[in-house]
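The file protein.cif comes next; it holds mmCIF, C-alpha atoms.
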data_query
loop_
_atom_site.label_atom_id
_atom_site.label_comp_id
_atom_site.auth_asym_id
_atom_site.auth_seq_id
_atom_site.Cartn_x
_atom_site.Cartn_y
_atom_site.Cartn_z
CA MET F 1 -12.21 -80.51 -68.18
CA ILE F 2 -9.46 -79.36 -70.47
CA ASP F 3 -8.16 -75.97 -69.43
CA LYS F 4 -4.89 -74.77 -70.90
CA PHE F 5 -4.98 -71.37 -69.22
CA VAL F 6 -2.30 -70.82 -66.61
CA ALA F 7 -2.74 -68.36 -63.77
CA SER F 8 0.73 -66.86 -63.69
CA MET F 9 3.79 -66.28 -65.81
CA ALA F 10 5.73 -68.58 -63.48
CA ASP F 11 3.27 -71.37 -64.33
CA ALA F 12 3.59 -70.55 -68.04
CA MET F 13 7.38 -70.87 -67.87
CA ALA F 14 7.51 -73.89 -65.53
CA GLY F 15 9.85 -76.62 -66.66
CA ILE F 16 11.73 -74.78 -69.42
CA GLU F 17 15.18 -76.26 -69.02
CA ASP F 18 18.67 -74.94 -69.63
CA GLY F 19 19.81 -75.90 -73.12
CA SER F 20 16.29 -75.77 -74.59
CA THR F 21 15.57 -74.86 -78.20
CA VAL F 22 12.94 -72.11 -78.15
CA LEU F 23 10.93 -71.19 -81.25
CA VAL F 24 9.80 -67.56 -81.12
CA GLY F 25 6.93 -66.19 -83.24
CA GLY F 26 6.49 -62.69 -84.58
CA PHE F 27 7.82 -60.53 -87.39
CA GLY F 28 9.33 -57.33 -86.05
CA ASP F 29 7.14 -56.39 -83.08
CA VAL F 30 4.00 -57.65 -84.81
CA GLY F 31 2.88 -60.94 -83.30
CA ALA F 32 5.96 -61.12 -81.08
CA PRO F 33 5.34 -62.78 -77.69
CA ALA F 34 6.78 -59.89 -75.68
CA ALA F 35 5.36 -60.89 -72.29
CA LEU F 36 6.51 -64.51 -72.66
CA LEU F 37 10.03 -63.38 -73.55
CA ASP F 38 10.05 -61.24 -70.39
CA GLY F 39 8.83 -64.32 -68.56
CA LEU F 40 11.64 -66.40 -70.02
CA ALA F 41 14.17 -63.79 -68.88
CA ALA F 42 12.72 -63.89 -65.36
CA GLN F 43 12.56 -67.69 -65.32
CA GLY F 44 16.29 -67.86 -65.87
CA ALA F 45 16.81 -70.73 -68.33
CA ARG F 46 20.18 -70.37 -70.05
CA ASP F 47 22.29 -71.94 -72.77
CA LEU F 48 19.27 -71.48 -75.03
CA THR F 49 18.98 -71.92 -78.78
CA ILE F 50 16.56 -69.30 -80.13
CA VAL F 51 14.86 -69.88 -83.49
CA ILE F 52 13.35 -66.66 -84.83
CA VAL F 53 12.87 -65.06 -88.23
CA ALA F 54 15.27 -62.18 -87.57
CA GLY F 55 17.36 -61.99 -84.50
CA GLY F 56 17.95 -59.39 -81.86
CA ARG F 57 16.95 -55.98 -83.16
CA ASP F 58 18.05 -53.10 -80.97
CA GLY F 59 15.64 -52.72 -78.10
CA SER F 60 14.03 -56.13 -78.66
CA LYS F 61 13.29 -58.76 -76.03
CA ILE F 62 15.82 -61.06 -77.72
CA GLU F 63 18.48 -58.39 -77.32
CA HIS F 64 17.61 -58.34 -73.60
CA LEU F 65 18.09 -62.13 -73.35
CA LEU F 66 21.44 -61.72 -75.12
CA GLU F 67 22.43 -59.02 -72.62
CA LEU F 68 21.60 -61.45 -69.81
CA GLY F 69 23.86 -64.06 -71.44
CA ARG F 70 21.07 -66.62 -71.79
CA ILE F 71 21.44 -67.41 -75.49
CA ARG F 72 24.14 -69.73 -76.79
CA ARG F 73 22.90 -70.07 -80.35
CA MET F 74 20.50 -68.36 -82.73
CA VAL F 75 18.92 -69.76 -85.88
CA CYS F 76 17.44 -67.02 -88.04
CA SER F 77 17.40 -65.53 -91.53
CA PHE F 78 18.81 -62.13 -90.74
CA VAL F 79 21.00 -60.41 -88.17
CA ARG F 80 22.31 -56.87 -88.42
CA PRO F 81 26.10 -56.88 -88.06
CA ALA F 82 25.96 -53.83 -85.77
CA SER F 83 23.30 -55.32 -83.47
CA LEU F 84 24.25 -56.97 -80.19
CA ALA F 85 23.70 -60.40 -81.79
CA GLY F 86 25.97 -59.46 -84.70
CA ARG F 87 28.66 -58.16 -82.38
CA LEU F 88 28.50 -61.16 -80.00
CA TYR F 89 28.79 -63.49 -82.99
CA GLN F 90 31.86 -61.67 -84.27
CA GLN F 91 33.39 -61.91 -80.79
CA GLY F 92 32.78 -65.67 -80.76
CA ALA F 93 30.29 -65.33 -77.90
CA LEU F 94 27.22 -66.43 -79.91
CA GLU F 95 26.68 -69.23 -82.43
CA LEU F 96 24.67 -68.23 -85.47
CA GLU F 97 22.99 -70.36 -88.14
CA ILE F 98 21.66 -68.23 -90.98
CA VAL F 99 18.81 -69.88 -92.89
CA PRO F 100 16.81 -68.51 -95.84
CA GLN F 101 13.49 -67.28 -94.53
CA GLY F 102 11.27 -69.70 -96.44
CA THR F 103 13.55 -72.61 -95.61
CA LEU F 104 13.38 -71.59 -91.95
CA ALA F 105 9.57 -71.66 -91.97
CA GLU F 106 9.49 -74.93 -93.90
CA ARG F 107 12.02 -76.63 -91.62
CA ILE F 108 9.84 -75.77 -88.60
CA ARG F 109 6.71 -76.89 -90.44
CA ALA F 110 8.52 -80.13 -91.35
CA ALA F 111 9.30 -80.72 -87.68
CA GLY F 112 5.62 -80.32 -86.88
CA ALA F 113 4.54 -82.52 -89.78
CA GLY F 114 6.89 -85.45 -89.16
CA ILE F 115 8.99 -84.81 -92.27
CA GLU F 116 12.58 -85.84 -91.58
CA ALA F 117 14.18 -84.08 -94.56
CA PHE F 118 13.26 -82.26 -97.76
CA PHE F 119 15.02 -80.96 -100.86
CA THR F 120 14.55 -77.39 -102.08
CA PRO F 121 16.19 -75.30 -104.82
CA THR F 122 16.45 -72.41 -102.35
CA ALA F 123 20.14 -71.70 -101.66
CA ALA F 124 21.27 -74.78 -103.63
CA ASP F 125 23.65 -72.76 -105.85
CA THR F 126 24.92 -70.49 -103.08
CA ILE F 127 27.68 -70.49 -100.51
CA LEU F 128 25.11 -71.64 -97.93
CA ALA F 129 25.16 -75.03 -99.69
CA GLU F 130 28.89 -75.57 -99.35
CA GLY F 131 29.71 -78.94 -97.83
CA ARG F 132 26.08 -80.07 -97.86
CA GLU F 133 24.17 -82.67 -99.87
CA THR F 134 22.63 -81.47 -103.11
CA ARG F 135 20.74 -83.47 -105.70
CA VAL F 136 19.29 -82.65 -109.12
CA ILE F 137 15.54 -83.29 -108.94
CA ASN F 138 13.20 -82.53 -111.85
CA GLY F 139 16.13 -80.79 -113.51
CA LYS F 140 16.65 -78.45 -110.57
CA ASN F 141 19.65 -78.42 -108.28
CA CYS F 142 18.25 -78.90 -104.78
CA LEU F 143 19.67 -78.70 -101.28
CA ILE F 144 18.78 -81.06 -98.45
CA GLU F 145 17.22 -79.48 -95.38
CA PHE F 146 16.39 -81.03 -92.03
CA PRO F 147 13.58 -80.19 -89.62
CA LEU F 148 14.00 -77.59 -86.89
CA ARG F 149 12.33 -78.89 -83.74
CA GLY F 150 11.65 -76.82 -80.68
CA ASP F 151 11.44 -77.95 -77.11
CA VAL F 152 9.30 -74.88 -76.54
CA ALA F 153 7.47 -72.40 -78.79
CA LEU F 154 6.51 -68.93 -77.58
CA ILE F 155 3.77 -67.29 -79.61
CA GLU F 156 1.31 -64.41 -79.52
CA ALA F 157 -2.39 -64.80 -80.32
CA TRP F 158 -5.39 -62.47 -80.43
CA GLN F 159 -8.08 -64.78 -79.00
CA ALA F 160 -7.81 -68.06 -77.12
CA ASP F 161 -10.30 -70.46 -75.56
CA ARG F 162 -9.58 -73.04 -72.85
CA TRP F 163 -8.87 -75.78 -75.40
CA GLY F 164 -6.11 -73.60 -76.80
CA ASN F 165 -7.86 -72.76 -80.06
CA LEU F 166 -6.32 -69.53 -81.32
CA THR F 167 -6.90 -66.68 -83.71
CA TYR F 168 -4.40 -64.05 -84.81
CA ARG F 169 -4.90 -60.45 -85.89
CA GLU F 170 -4.01 -59.41 -89.42
CA SER F 171 -0.33 -59.90 -90.22
CA ALA F 172 0.41 -60.90 -86.59
CA ARG F 173 -0.28 -64.45 -87.79
CA ASN F 174 3.15 -64.57 -89.49
CA LEU F 175 5.30 -67.30 -87.90
CA ASN F 176 3.07 -68.00 -84.90
CA PRO F 177 1.05 -70.94 -86.35
CA VAL F 178 4.24 -72.48 -87.75
CA MET F 179 6.10 -72.22 -84.43
CA ALA F 180 3.04 -73.70 -82.69
CA MET F 181 3.37 -76.85 -84.81
CA GLY F 182 7.08 -77.31 -84.41
CA ALA F 183 7.60 -77.55 -80.65
CA ALA F 184 6.99 -80.17 -77.98
CA MET F 185 5.40 -77.50 -75.78
CA THR F 186 3.72 -74.43 -77.24
CA ILE F 187 2.96 -71.53 -74.92
CA ALA F 188 0.71 -68.74 -76.19
CA GLU F 189 0.07 -65.29 -74.80
CA ALA F 190 -3.42 -64.26 -75.83
CA ARG F 191 -4.85 -60.76 -75.79
CA HIS F 192 -8.42 -61.97 -75.29
CA VAL F 193 -9.97 -64.94 -73.53
CA VAL F 194 -13.12 -66.27 -75.14
CA ALA F 195 -15.49 -69.05 -74.18
CA LEU F 196 -15.19 -72.45 -75.80
CA GLY F 197 -17.22 -72.28 -78.99
CA ASP F 198 -17.00 -68.50 -79.36
CA ILE F 199 -14.45 -68.85 -82.16
CA PRO F 200 -16.43 -70.32 -85.07
CA PRO F 201 -14.77 -73.65 -85.96
CA GLU F 202 -14.16 -72.44 -89.50
CA HIS F 203 -12.24 -69.47 -88.12
CA VAL F 204 -9.83 -71.25 -85.78
CA HIS F 205 -6.33 -70.40 -87.06
CA THR F 206 -4.33 -72.72 -84.78
CA PRO F 207 -6.30 -75.62 -83.32
CA GLY F 208 -5.93 -76.46 -79.65
CA PRO F 209 -3.93 -79.69 -80.02
CA PHE F 210 -0.93 -77.61 -81.17
CA VAL F 211 -1.13 -75.48 -78.01
CA HIS F 212 -0.24 -76.58 -74.48
CA ARG F 213 -0.41 -73.49 -72.27
CA VAL F 214 -2.13 -70.14 -72.65
CA ILE F 215 -1.66 -67.05 -70.55
CA HIS F 216 -3.96 -64.05 -70.76
CA VAL F 217 -1.96 -60.91 -71.47
CA PRO F 218 -4.44 -58.07 -72.08
CA GLU F 219 -3.57 -55.32 -74.55
CA MET D 1 29.99 -39.95 -125.36
CA ALA D 2 27.47 -37.17 -125.12
CA ASP D 3 26.44 -37.81 -121.56
CA SER D 4 24.52 -34.59 -121.33
CA GLU D 5 22.02 -35.74 -123.94
CA PHE D 6 20.26 -38.26 -121.71
CA GLN D 7 18.82 -38.15 -118.23
CA PRO D 8 19.02 -41.42 -116.28
CA LEU D 9 15.83 -42.43 -114.50
CA ASP D 10 15.66 -41.83 -110.78
CA ARG D 11 14.59 -44.68 -108.47
CA LEU D 12 10.91 -43.83 -108.78
CA GLY D 13 11.37 -43.62 -112.54
CA ILE D 14 12.67 -47.19 -112.62
CA ALA D 15 9.70 -48.29 -110.51
CA ALA D 16 7.26 -46.51 -112.82
CA ARG D 17 8.86 -48.14 -115.87
CA ILE D 18 8.39 -51.59 -114.26
CA ALA D 19 4.80 -50.80 -113.31
CA ARG D 20 3.98 -50.12 -116.99
CA ASP D 21 4.76 -53.78 -117.76
CA ILE D 22 2.65 -55.38 -115.01
CA PRO D 23 -0.77 -56.35 -116.38
CA GLU D 24 -4.01 -56.65 -114.49
CA GLY D 25 -4.46 -59.94 -112.70
CA TRP D 26 -0.84 -60.69 -111.85
CA PHE D 27 0.15 -61.86 -108.35
CA VAL D 28 3.36 -59.99 -107.53
CA ASN D 29 5.97 -59.87 -104.76
CA LEU D 30 8.12 -56.74 -104.48
CA GLY D 31 11.48 -56.84 -102.75
CA ILE D 32 12.92 -54.14 -100.53
CA GLY D 33 14.34 -50.98 -102.10
CA ILE D 34 13.36 -49.74 -105.57
CA PRO D 35 10.88 -52.65 -106.04
CA THR D 36 8.78 -51.62 -103.02
CA THR D 37 7.79 -48.39 -104.76
CA VAL D 38 6.49 -50.22 -107.86
CA SER D 39 3.08 -50.73 -106.22
CA ASP D 40 2.65 -46.95 -105.85
CA CYS D 41 3.07 -46.66 -109.64
CA VAL D 42 0.36 -49.18 -110.56
CA PRO D 43 -3.00 -47.41 -110.98
CA HIS D 44 -5.44 -48.57 -108.28
CA ASP D 45 -8.07 -49.57 -110.85
CA ARG D 46 -5.64 -52.04 -112.41
CA GLU D 47 -6.18 -55.05 -110.14
CA VAL D 48 -2.71 -56.35 -109.36
CA ILE D 49 -2.42 -58.45 -106.18
CA PHE D 50 0.69 -57.67 -104.16
CA HIS D 51 2.14 -60.28 -101.81
CA ALA D 52 4.35 -59.62 -98.80
CA GLU D 53 6.27 -62.62 -97.57
CA ASN D 54 5.42 -62.03 -93.92
CA GLY D 55 1.98 -63.30 -94.94
CA VAL D 56 -0.14 -60.59 -96.56
CA ILE D 57 -1.94 -61.03 -99.89
CA GLY D 58 -3.46 -57.93 -101.45
CA ILE D 59 -1.44 -55.08 -100.01
CA GLY D 60 -2.89 -51.63 -100.63
CA PRO D 61 -1.38 -48.17 -100.35
CA ALA D 62 0.31 -46.82 -97.22
CA PRO D 63 -2.19 -45.79 -94.52
CA ALA D 64 -2.95 -42.21 -93.56
CA PRO D 65 -0.93 -41.28 -90.45
CA ASP D 66 -4.08 -41.32 -88.27
CA ALA D 67 -5.29 -44.67 -89.66
CA VAL D 68 -2.31 -46.95 -88.94
CA ASN D 69 -3.18 -50.52 -87.95
CA PRO D 70 -0.31 -51.68 -85.72
CA TYR D 71 -0.98 -55.32 -86.63
CA LEU D 72 -0.64 -54.81 -90.38
CA ILE D 73 2.86 -54.55 -91.82
CA ASN D 74 4.72 -55.65 -94.93
CA ALA D 75 7.98 -57.61 -95.18
CA GLY D 76 9.95 -54.38 -94.76
CA VAL D 77 8.17 -53.83 -91.40
CA GLN D 78 6.34 -50.79 -92.80
CA HIS D 79 2.69 -50.17 -91.99
CA VAL D 80 0.43 -50.93 -94.95
CA THR D 81 -3.25 -51.39 -95.76
CA LEU D 82 -5.13 -54.38 -97.12
CA ARG D 83 -7.22 -54.15 -100.27
CA THR D 84 -10.76 -55.47 -100.25
CA GLY D 85 -10.36 -59.12 -101.21
CA GLY D 86 -7.03 -59.48 -99.44
CA ALA D 87 -6.06 -62.31 -97.10
CA TYR D 88 -3.59 -63.25 -94.39
CA VAL D 89 -1.57 -66.46 -94.34
CA HIS D 90 1.10 -67.83 -92.05
CA HIS D 91 4.77 -67.79 -92.95
CA ALA D 92 5.05 -71.34 -94.27
CA ASP D 93 2.07 -70.78 -96.59
CA SER D 94 3.46 -67.41 -97.59
CA PHE D 95 6.75 -68.98 -98.62
CA ALA D 96 4.89 -71.84 -100.29
CA ILE D 97 3.43 -69.07 -102.45
CA ALA D 98 6.92 -67.74 -103.16
CA ARG D 99 8.73 -71.06 -103.61
CA GLY D 100 5.91 -73.05 -105.17
CA GLY D 101 5.57 -71.11 -108.43
CA HIS D 102 2.39 -69.25 -107.47
CA LEU D 103 3.70 -65.72 -108.05
CA ASP D 104 3.44 -64.38 -111.59
CA LEU D 105 6.27 -62.01 -110.85
CA CYS D 106 8.86 -61.17 -108.24
CA VAL D 107 10.87 -57.95 -108.51
CA LEU D 108 14.11 -57.81 -106.53
CA GLY D 109 16.91 -55.33 -106.14
CA ALA D 110 20.43 -56.58 -106.86
CA PHE D 111 24.13 -55.74 -106.78
CA GLU D 112 24.80 -57.63 -110.02
CA VAL D 113 23.05 -59.68 -112.69
CA SER D 114 24.98 -61.93 -115.04
CA GLU D 115 24.33 -62.64 -118.72
CA THR D 116 23.16 -66.14 -117.75
CA GLY D 117 20.57 -64.74 -115.35
CA ASP D 118 22.45 -65.23 -112.10
CA ILE D 119 21.55 -62.73 -109.39
CA ALA D 120 23.70 -61.49 -106.51
CA ASN D 121 21.74 -59.38 -104.05
CA TRP D 122 22.39 -60.48 -100.49
CA ALA D 123 26.09 -60.17 -99.66
CA ARG D 124 28.99 -58.08 -100.88
CA ALA D 125 31.66 -60.67 -100.09
CA PRO D 126 31.72 -64.43 -99.45
CA ASP D 127 33.47 -63.82 -96.14
CA GLU D 128 31.12 -61.18 -94.76
CA PRO D 129 31.30 -61.74 -91.02
CA VAL D 130 27.54 -61.65 -90.44
CA LYS D 131 25.29 -63.06 -93.13
CA GLN D 132 21.95 -61.38 -93.84
CA VAL D 133 20.04 -63.58 -96.23
CA GLY D 134 16.36 -62.91 -95.40
CA GLY D 135 13.92 -64.24 -98.00
CA ALA D 136 15.76 -63.35 -101.22
CA MET D 137 16.92 -66.89 -102.02
CA ASP D 138 13.38 -68.22 -101.61
CA LEU D 139 11.83 -65.51 -103.76
CA ALA D 140 14.48 -65.76 -106.48
CA ILE D 141 13.95 -69.46 -107.22
CA GLY D 142 10.18 -69.65 -107.02
CA ALA D 143 8.38 -67.00 -109.04
CA LYS D 144 7.22 -67.57 -112.62
CA ARG D 145 9.17 -64.44 -113.60
CA LEU D 146 12.04 -62.75 -111.82
CA TRP D 147 12.76 -59.16 -112.75
CA VAL D 148 15.51 -57.07 -111.22
CA ALA D 149 15.45 -53.33 -110.52
CA MET D 150 18.80 -51.63 -109.99
CA GLU D 151 21.12 -48.82 -111.04
CA HIS D 152 23.06 -49.75 -114.17
CA VAL D 153 26.45 -48.90 -112.63
CA THR D 154 27.71 -48.55 -109.07
CA LYS D 155 28.52 -45.18 -107.49
CA GLU D 156 32.15 -45.96 -108.36
CA GLY D 157 31.18 -46.47 -112.01
CA ALA D 158 31.47 -50.28 -112.16
CA SER D 159 28.85 -52.06 -114.25
CA ARG D 160 26.26 -54.19 -112.50
CA ILE D 161 25.47 -55.88 -115.85
CA VAL D 162 28.21 -58.51 -115.85
CA ARG D 163 29.46 -61.66 -117.55
CA ALA D 164 29.67 -63.45 -114.21
CA CYS D 165 28.73 -62.21 -110.75
CA SER D 166 31.61 -61.37 -108.43
CA TYR D 167 29.40 -61.10 -105.34
CA PRO D 168 27.97 -64.26 -103.70
CA LEU D 169 25.01 -65.63 -105.66
CA THR D 170 21.44 -65.48 -104.47
CA ALA D 171 20.35 -67.90 -107.21
CA LYS D 172 21.58 -69.14 -110.57
CA SER D 173 19.93 -68.71 -114.02
CA VAL D 174 16.73 -67.17 -112.71
CA VAL D 175 16.55 -63.53 -113.89
CA GLN D 176 14.45 -62.89 -116.98
CA ARG D 177 14.58 -59.11 -117.18
CA VAL D 178 16.53 -56.21 -115.71
CA TYR D 179 15.22 -52.66 -115.36
CA THR D 180 17.98 -50.14 -114.78
CA ASN D 181 18.10 -46.35 -114.75
CA LEU D 182 19.31 -46.56 -118.37
CA ALA D 183 17.60 -49.50 -120.05
CA VAL D 184 15.42 -52.59 -120.02
CA LEU D 185 17.38 -55.75 -120.74
CA ASP D 186 16.07 -59.27 -121.26
CA VAL D 187 18.20 -62.26 -120.34
CA ALA D 188 18.04 -64.48 -123.44
CA PRO D 189 19.99 -67.61 -124.42
CA CYS D 190 22.48 -65.33 -126.25
CA GLY D 191 22.88 -63.03 -123.22
CA PHE D 192 21.51 -59.55 -122.55
CA VAL D 193 19.11 -58.20 -125.19
CA VAL D 194 18.25 -54.50 -125.10
CA ARG D 195 14.48 -54.03 -125.09
CA ASP D 196 14.31 -50.35 -124.27
CA MET D 197 16.63 -47.43 -123.59
CA ILE D 198 16.01 -44.01 -122.06
CA PRO D 199 15.63 -41.20 -124.61
CA GLY D 200 18.92 -39.88 -126.00
CA LEU D 201 21.00 -42.90 -125.01
CA THR D 202 22.76 -44.79 -127.77
CA PHE D 203 23.40 -48.53 -127.87
CA GLU D 204 27.14 -47.79 -127.87
CA ALA D 205 26.88 -45.60 -124.77
CA LEU D 206 24.86 -48.31 -123.00
CA GLN D 207 27.41 -50.96 -124.02
CA ALA D 208 30.19 -48.77 -122.63
CA ARG D 209 28.45 -48.91 -119.24
CA SER D 210 27.89 -52.68 -119.39
CA GLU D 211 30.58 -55.24 -118.70
CA ALA D 212 28.64 -58.03 -120.44
CA ALA D 213 28.08 -57.92 -124.19
CA LEU D 214 24.71 -56.45 -125.18
CA HIS D 215 22.65 -57.57 -128.15
CA ARG D 216 20.30 -55.45 -130.21
CA GLU D 217 16.75 -56.76 -130.28
CA ALA D 218 16.93 -57.63 -133.97
CA GLN D 219 20.25 -59.52 -133.59
CA GLN D 220 19.18 -62.31 -131.26
#
As structure tokens:
Amino acid sequence: MIDKFVASMADAMAGIEDGSTVLVGGFGDVGAPAALLDGLAAQGARDLTIVIVAGGRDGSKIEHLLELGRIRRMVCSFVRPASLAGRLYQQGALELEIVPQGTLAERIRAAGAGIEAFFTPTAADTILAEGRETRVINGKNCLIEFPLRGDVALIEAWQADRWGNLTYRESARNLNPVMAMGAAMTIAEARHVVALGDIPPEHVHTPGPFVHRVIHVPE
Amino acid sequence: MADSEFQPLDRLGIAARIARDIPEGWFVNLGIGIPTTVSDCVPHDREVIFHAENGVIGIGPAPAPDAVNPYLINAGVQHVTLRTGGAYVHHADSFAIARGGHLDLCVLGAFEVSETGDIANWARAPDEPVKQVGGAMDLAIGAKRLWVAMEHVTKEGASRIVRACSYPLTAKSVVQRVYTNLAVLDVAPCGFVVRDMIPGLTFEALQARSEAALHREAQQ
């Protein structure tokens, strides 16, 4: 019997190694896997690369991981200069790769879809393209982009069944389905556990094969 | 110049001027700042579908304070509502909408727009220590139309309507129209063409506040 539910946060976090690349879902607090990020802090993995849409707002779980010194590198579209992430970067204590938001999502999707590179006009005529391959395609200057693969993805879902089929609430979907595709091991925290078959097949947002572990974290 | 004879639009005035030009049926993304308020200026019975790049299609007005849905926000992390007929998508699909030419219109704020349609709206210097790019570069290259909403001049009096951008570019040759607190300018092959000016403003006074050469509508 397939059963992706784990009984404890320790089981959810088992095997996450130092040096891992961790994809983190959510947009602001909405859809952010808060319990899993607490679990990651408790588990103790360090030297992490965190991939997230916007990094380390004041009071966020990512800021807490930065305070603990667990993060070596962040890949994101936006960091406030005055935030802890911004300050650590300026002190040379954090590596930062700033990626346009759509390119970030597409690079993770590409990782999940087996696409080894793509060209996009986004950022092609900007300073972010300096020193990188560009090519004129269909009359448009385009920039090469490579996939962003995760060793682990941490996501938040609304409902989950034991096969790992997931639904999301409203705009909490955001990056969660994309992160789920892009990592070797996707761990979801779900607000509600439902029986197999309770989610109508037409309404499954992320199908179980993209999901490896689920932990029930009630509202 | 008889400055006292005209009253520049305030930020909501710019938004309202933009809203006048958005017809029913368009699919529209609004950037942060002045553009966000454009949706409040479109009458509810004119069916315009607003997109937020975090993955919401069909954003409605702000919720009443006692009716906030904590799971429903826009790209500025503000609580919003969903219109009947709206939909949620994930981030890659949402940016496929933005990058793939599916938006009829995107309205962005900017620091500068050049006479060739370049936009600079994400950084004030190439060597800014911490870069904050967000989704502007994706939105700027993908929509069928890119309009910009901004003040005509900076607080220091420098024109934002320029021959060439001095701030780092967001995208090149993409802006079709600029709505400022003084005028509506189209970016045409000849450069900026004045489509509309606030009452009491003369072409000469507008030119004096614009670094790039302006063209009268009939001249182009």
Query raised in the report: Taking (19.9, -49.1, -121.8) in the file's coordinates, which residues come within 12 Å, counting only C-alpha atoms, written as number ranges by chain?
Result: D: 6-9, 14, 151-153, 161, 178-186, 192-210, 214-217
Query raised in the report: Which residues match the PyMOL selection byres ((chain F) within 8 of (chain D)) in the file above, as an NGL selection string?
Result: :F and (27-28 or 30-31 or 54 or 77-81 or 86 or 89-90 or 98-103 or 105-106 or 109 or 121-127 or 169-178)
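This file gives the following result for the PyMOL selection byres ((chain F and resi 196) around 7): Asp161, Arg162, Val194, Ala195, Gly197 and Asp198 of chain F.
When the distance limit is 12 Å and all atoms listed in the file are what count, the residues near Leu68 (chain F), minus those fewer than 2 positions from it on the same chain, are Asp38, Leu40, Ala41, Ala42, Gln43, Gly44, Ala45, Arg46, Asp47, Leu48, Lys61, Ile62, Glu63, His64, Leu65, Leu66, Arg70, Ile71, Arg72 and Leu84 of chain F.
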Restricted to C-alpha atoms, what would the selected residues look like written as a PDB file, keeping the file's coordinate frame?
ATOM      1  CA  ASP F  38      10.050 -61.240 -70.390  1.00  0.00           C
ATOM      2  CA  LEU F  40      11.640 -66.400 -70.020  1.00  0.00           C
ATOM      3  CA  ALA F  41      14.170 -63.790 -68.880  1.00  0.00           C
ATOM      4  CA  ALA F  42      12.720 -63.890 -65.360  1.00  0.00           C
ATOM      5  CA  GLN F  43      12.560 -67.690 -65.320  1.00  0.00           C
ATOM      6  CA  GLY F  44      16.290 -67.860 -65.870  1.00  0.00           C
ATOM      7  CA  ALA F  45      16.810 -70.730 -68.330  1.00  0.00           C
ATOM      8  CA  ARG F  46      20.180 -70.370 -70.050  1.00  0.00           C
ATOM      9  CA  ASP F  47      22.290 -71.940 -72.770  1.00  0.00           C
ATOM     10  CA  LEU F  48      19.270 -71.480 -75.030  1.00  0.00           C
ATOM     11  CA  LYS F  61      13.290 -58.760 -76.030  1.00  0.00           C
ATOM     12  CA  ILE F  62      15.820 -61.060 -77.720  1.00  0.00           C
ATOM     13  CA  GLU F  63      18.480 -58.390 -77.320  1.00  0.00           C
ATOM     14  CA  HIS F  64      17.610 -58.340 -73.600  1.00  0.00           C
ATOM     15  CA  LEU F  65      18.090 -62.130 -73.350  1.00  0.00           C
ATOM     16  CA  LEU F  66      21.440 -61.720 -75.120  1.00  0.00           C
ATOM     17  CA  ARG F  70      21.070 -66.620 -71.790  1.00  0.00           C
ATOM     18  CA  ILE F  71      21.440 -67.410 -75.490  1.00  0.00           C
ATOM     19  CA  ARG F  72      24.140 -69.730 -76.790  1.00  0.00           C
ATOM     20  CA  LEU F  84      24.250 -56.970 -80.190  1.00  0.00           C
TER      21      LEU F  84
END
Requested in this report: Check what the PyMOL selection byres ((chain D and resi 164) around 9) selects in the file above and give those residues as a PyMOL selection string.
Outcome: chain D and resi 112-116+118+161-163+165-166+212
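Taking CA of Arg124 (chain D) and CA of Gly13 (chain D) as endpoints, the distance between them is 25.6 Å.
Considering the residues D:Gly100, D:Gly109, D:Pro63, D:Pro43 and counting all atoms listed in the file, Leu30 (chain D) has its shortest atom-to-atom contact with D:Gly109.
Straight-line separation from CA of Arg145 (chain D) to CA of Cys106 (chain D): 6.3 Å.
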Requested in this report: Find the residues near region 3-12 of chain F: any atom within 12 Å, counting all atoms listed in the file, skip ones fewer than 6 places away on the same chain, and give them as a PyMOL selection string.
Outcome: chain F and resi 35-44+152-154+160-166+185-190+192-196+208-217
Query raised in the report: When you draw a straight line from CA of Pro201 (chain F) to CA of Arg83 (chain D), how long is it in Å?
Result: 25.3 Å
Report task. Write out as a PyMOL selection string the residues lying within 8 Å of Ala110 (chain D), counting all atoms listed in the file and excluding same-chain residues fewer than 4 positions away. Result -> chain D and resi 119-122+148-150
